[in-house]
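J.: The following file, work_30.txt, comprises compact mmCIF, C-alpha atoms:
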```txt
# COMPACT_ATOMS: atom_id res chain seq x y z
CA MET A 1 25.47 -8.81 -8.34
CA THR A 2 27.66 -8.61 -5.26
CA PHE A 3 26.75 -6.26 -2.42
CA GLU A 4 27.47 -5.50 1.23
CA PRO A 5 24.18 -5.16 3.18
CA TRP A 6 23.86 -2.23 5.59
CA GLN A 7 20.24 -2.01 6.74
CA LEU A 8 16.68 -3.25 6.12
CA ARG A 9 13.68 -0.93 6.12
CA LEU A 10 9.95 -1.43 5.65
CA HIS A 11 8.38 1.29 3.45
CA ASP A 12 4.75 1.30 2.25
CA GLY A 13 4.51 -2.42 3.02
CA VAL A 14 7.63 -3.29 1.02
CA MET A 15 10.93 -4.42 2.57
CA TYR A 16 14.02 -2.68 1.20
CA MET A 17 17.70 -3.27 1.84
CA ARG A 18 20.29 -0.51 1.66
CA ALA A 19 23.71 -1.83 0.63
CA PHE A 20 26.99 -1.03 -1.05
CA SER A 21 27.04 -2.60 -4.51
CA ARG A 22 30.43 -4.00 -5.38
CA THR A 23 29.13 -4.44 -8.92
CA THR A 24 28.33 -0.76 -9.51
CA GLY A 25 30.64 0.72 -6.87
CA ASP A 26 28.00 2.82 -5.11
CA ALA A 27 25.21 2.71 -2.53
CA ARG A 28 21.99 1.13 -3.76
CA SER A 29 18.50 0.27 -2.50
CA PHE A 30 17.11 -3.18 -3.28
CA ARG A 31 13.61 -4.60 -2.92
CA VAL A 32 14.12 -7.65 -0.76
CA ALA A 33 11.32 -9.50 -2.59
CA GLN A 34 13.41 -9.36 -5.77
CA ILE A 35 16.43 -11.05 -4.19
CA VAL A 36 16.22 -14.67 -5.28
CA HIS A 37 19.38 -16.01 -3.67
CA ALA A 38 21.97 -14.64 -1.27
CA ARG A 39 25.05 -16.14 0.32
CA VAL A 40 28.03 -14.99 2.36
CA LEU A 41 31.23 -14.96 0.35
CA PRO A 42 33.86 -16.77 2.41
CA GLY A 43 36.97 -14.77 3.25
CA GLN A 44 35.48 -11.45 2.12
CA THR A 45 35.59 -8.32 4.24
CA PRO A 46 33.59 -5.15 3.66
CA ARG A 47 35.16 -2.71 1.21
CA GLU A 48 32.96 0.23 2.18
CA ALA A 49 32.23 1.56 5.68
CA VAL A 50 28.58 1.82 6.70
CA PRO A 51 27.49 5.46 6.26
CA THR A 52 26.27 7.53 9.19
CA LYS A 53 22.61 7.14 10.08
CA SER A 54 21.74 10.50 8.46
CA ASN A 55 23.37 9.45 5.15
CA LEU A 56 22.58 5.74 5.11
CA TRP A 57 19.59 6.05 2.76
CA GLY A 58 21.06 8.78 0.59
CA GLY A 59 20.88 11.79 2.90
CA SER A 60 17.08 12.17 2.83
CA GLU A 61 14.40 10.92 5.20
CA PRO A 62 13.68 7.41 3.87
CA GLY A 63 10.16 7.44 5.26
CA TYR A 64 9.28 9.81 2.41
CA GLY A 65 10.83 7.67 -0.33
CA ILE A 66 13.47 4.99 -0.82
CA ASP A 67 14.13 5.28 -4.53
CA SER A 68 15.65 8.20 -6.43
CA ASP A 69 14.33 8.68 -9.97
CA ARG A 70 13.40 11.93 -11.73
CA PRO A 71 12.51 13.91 -8.56
CA GLY A 72 9.96 16.67 -8.84
CA VAL A 73 6.87 18.30 -7.39
CA ALA A 74 3.46 16.77 -8.04
CA THR A 75 0.21 18.69 -8.24
CA LEU A 76 -2.71 16.35 -7.63
CA ARG A 77 -6.42 16.97 -7.56
CA VAL A 78 -8.32 14.44 -5.47
CA ARG A 79 -12.08 14.27 -4.95
CA GLY A 80 -14.53 12.96 -2.38
CA GLY A 81 -13.86 10.57 0.46
CA VAL A 82 -10.35 9.90 -0.79
CA ALA A 83 -9.59 13.64 -0.61
CA ARG A 84 -10.97 13.85 2.92
CA TRP A 85 -8.90 10.81 3.92
CA ILE A 86 -5.56 12.00 2.50
CA ALA A 87 -6.08 15.53 3.85
CA ASN A 88 -5.04 14.04 7.21
CA LEU A 89 -1.93 12.26 5.85
CA VAL A 90 1.55 13.77 5.63
CA TRP A 91 3.31 12.39 2.56
CA ASP A 92 6.17 14.89 2.78
CA PRO A 93 6.90 17.78 5.17
CA GLY A 94 6.95 20.15 2.17
CA GLN A 95 3.44 19.33 0.92
CA GLU A 96 0.84 22.07 0.47
CA ASP A 97 -2.88 21.29 0.55
CA LYS A 98 -5.67 23.59 -0.64
CA TRP A 99 -9.38 22.85 -0.81
CA ILE A 100 -10.66 23.91 -4.24
CA GLU A 101 -14.18 22.85 -3.25
CA PRO A 102 -14.36 22.72 0.58
CA GLY A 103 -14.43 19.13 1.81
CA GLU A 104 -14.82 17.82 -1.75
CA LEU A 105 -11.91 18.66 -4.09
CA LEU A 106 -8.39 18.83 -2.65
CA GLU A 107 -5.34 20.10 -4.49
CA ARG A 108 -2.10 18.72 -3.07
CA LYS A 109 1.33 19.93 -4.14
CA VAL A 110 3.94 17.51 -2.87
CA PRO A 111 7.63 17.00 -3.61
CA TYR A 112 8.74 13.47 -4.47
CA HIS A 113 12.16 11.85 -4.69
CA SER A 114 11.18 9.25 -7.27
CA CYS A 115 8.71 9.50 -10.13
CA ARG A 116 8.66 5.69 -10.31
CA GLU A 117 7.96 5.20 -6.58
CA PHE A 118 5.45 8.06 -6.31
CA ALA A 119 3.49 6.70 -9.28
CA ARG A 120 3.06 3.42 -7.38
CA ARG A 121 1.84 5.33 -4.32
CA LEU A 122 -0.83 7.08 -6.41
CA PHE A 123 -2.48 3.74 -7.19
CA THR A 124 -3.64 3.66 -3.55
CA ILE A 125 -5.84 6.72 -4.23
CA VAL A 126 -6.68 6.15 -7.90
CA ASP A 127 -10.44 6.07 -7.31
CA GLY A 128 -10.33 9.70 -6.13
CA LEU A 129 -7.71 11.12 -8.50
CA GLU A 130 -8.91 13.72 -10.98
CA SER A 131 -5.60 15.04 -12.28
CA ILE A 132 -1.86 14.46 -12.00
CA GLU A 133 0.90 16.91 -12.92
CA PRO A 134 3.61 17.00 -14.17
CA ALA A 135 3.06 15.07 -17.39
CA GLU A 136 6.07 12.84 -16.68
CA LEU A 137 4.45 11.58 -13.47
CA ARG A 138 1.04 11.18 -15.12
CA GLU A 139 2.63 9.16 -17.95
CA GLU A 140 4.40 6.91 -15.40
CA VAL A 141 1.05 6.18 -13.70
CA VAL A 142 -0.65 5.49 -17.05
CA SER A 143 2.23 3.27 -18.20
CA ASP A 144 2.08 1.23 -14.98
CA ALA A 145 -1.70 0.86 -15.32
CA ARG A 146 -1.40 -0.27 -18.96
CA ALA A 147 1.31 -2.79 -18.05
CA PHE A 148 -0.96 -4.20 -15.33
CA LEU A 149 -3.92 -4.47 -17.72
CA ASP A 150 -1.73 -6.19 -20.34
CA ARG A 151 -0.58 -8.74 -17.74
CA LEU A 152 -4.17 -9.28 -16.66
CA ASP A 153 -5.31 -9.75 -20.27
CA ARG A 154 -2.49 -12.27 -20.95
CA HIS A 155 -3.37 -14.20 -17.79
CA THR A 156 -7.07 -14.22 -18.67
CA ALA A 157 -6.31 -15.40 -22.22
CA GLN A 158 -4.18 -18.25 -20.87
CA ALA A 159 -6.88 -19.41 -18.44
```
Could you render the structure as structure tokens?
T.:
Amino acid sequence: MTFEPWQLRLHDGVMYMRAFSRTTGDARSFRVAQIVHARVLPGQTPREAVPTKSNLWGGSEPGYGIDSDRPGVATLRVRGGVARWIANLVWDPGQEDKWIEPGELLERKVPYHSCREFARRLFTIVDGLESIEPAELREEVVSDARAFLDRLDRHTAQA
């Protein structure tokens, strides 16, 4: 893959690079940890101008998500200490929180830009999660969890 790097950004502990992909012909976000090798191509000049700051990461605030994949609105129910902890966190300016059981069961409705990325975020609160909607998001979380358990089982079997 050939790309023209524009900017690096740290998001949820992961370094991303925003760049123009000469291979696909459009702007893309890359996880820096997945770049194995990079080199400057001699004699090459950029083909695409760097977008304005407001459009660099796709026209949305990158602090609320880098990826774009099946955007939607999640409805989460979170219990206990995890609920009390996240009640103080802003995941998106459009989120709506409602205590179903005061101080114990929180319902959070929150828009997300990427089903794939938001599913990964939910693993940080998995011990307090009681429900996840829509089904597409719930299935993404379950699929990621199963893939992790399969890798763990394979590693344990090899040991």
J.: For a quick check of understanding, using only C-alpha atoms, which of A:Arg79, A:Arg47, A:Arg138, A:Lys109 has the smallest distance to Ile125 in chain A?
T.: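 Selected residue with least distance to Ile125 in chain A: A:Arg79.
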J.: Could you tell me how far CA of Ser68 in chain A lies from CA of Ser114 in chain A, in Å and to one decimal?
T.: 4.7 Å
J.: To one decimal place in Å, what is the distance between CA of Gly128 in chain A and CA of Val110 in chain A?
T.: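 Computed distance, CA of Gly128 in chain A to CA of Val110 in chain A, equals 16.6 Å.
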J.: Mind checking which residues fall within 7 Å of range 4-6 of chain A, counting all atoms listed in the file, ignoring those fewer than 4 positions away in the same chain, and posting them as a list in words?
T.: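 With the cut-off at 7 Å, the set is Met17, Arg18, Ala19, Phe20, Ser21, Pro46 and Val50 of chain A.
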J.: Write out as a PyMOL selection string each polymer residue whose atoms come within 10 Å of Ile86 in chain A, counting all atoms listed in the file; drop sequence neighbours fewer than 6 positions from it.
T.: chain A and resi 78+97+106+108+125
J.: Have a look at A:Leu129, A:Ala145, A:Arg116, A:Gln44 and name the one nearest to Glu104 in chain A; count only C-alpha atoms.
T.: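 Under the stated criterion, the closest residue is A:Leu129.
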J.: Calculate how many Å separate CA of Asp69 in chain A from CA of Glu117 in chain A, rounding to one decimal.
T.: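 That distance, rounded to one decimal, is 8.0 Å.
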J.: The centre and edge lengths of an axis-aligned box containing all atoms of range 108-119 of chain A present in the file, extended by 5 Å on each side, are to be given in Å to one decimal, as JSON.
T.:
```
{"center_x": 5.0, "center_y": 12.6, "center_z": -6.6, "size_x": 24.3, "size_y": 24.7, "size_z": 17.4}
```
J.: Select, from A:Val82, A:Leu76, A:Ala87, A:Ala119, the residue with the minimum atom-to-atom distance to Glu107 in chain A, counting all atoms listed in the file.
T.: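 Between A:Val82, A:Leu76, A:Ala87, A:Ala119, the residue approaching Glu107 in chain A most closely is A:Leu76.
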J.: Considering all atoms listed in the file, can you say which of A:His155, A:Arg146, A:Arg121, A:Lys53 comes closest to Trp91 in chain A?
T.: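 That would be A:Arg121, the residue with the smallest distance to Trp91 in chain A.
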J.: When you count all atoms listed in the file, which of these residues is closest to Tyr16 in chain A: A:Ser54, A:Thr75, A:Gln34, A:Thr2?
T.: A:Gln34
J.: Of the residues A:Gly81, A:Gly103, A:Pro93, A:Gly72, which is the one nearest to Leu137 in chain A, using all atoms listed in the file?
T.: A:Gly72
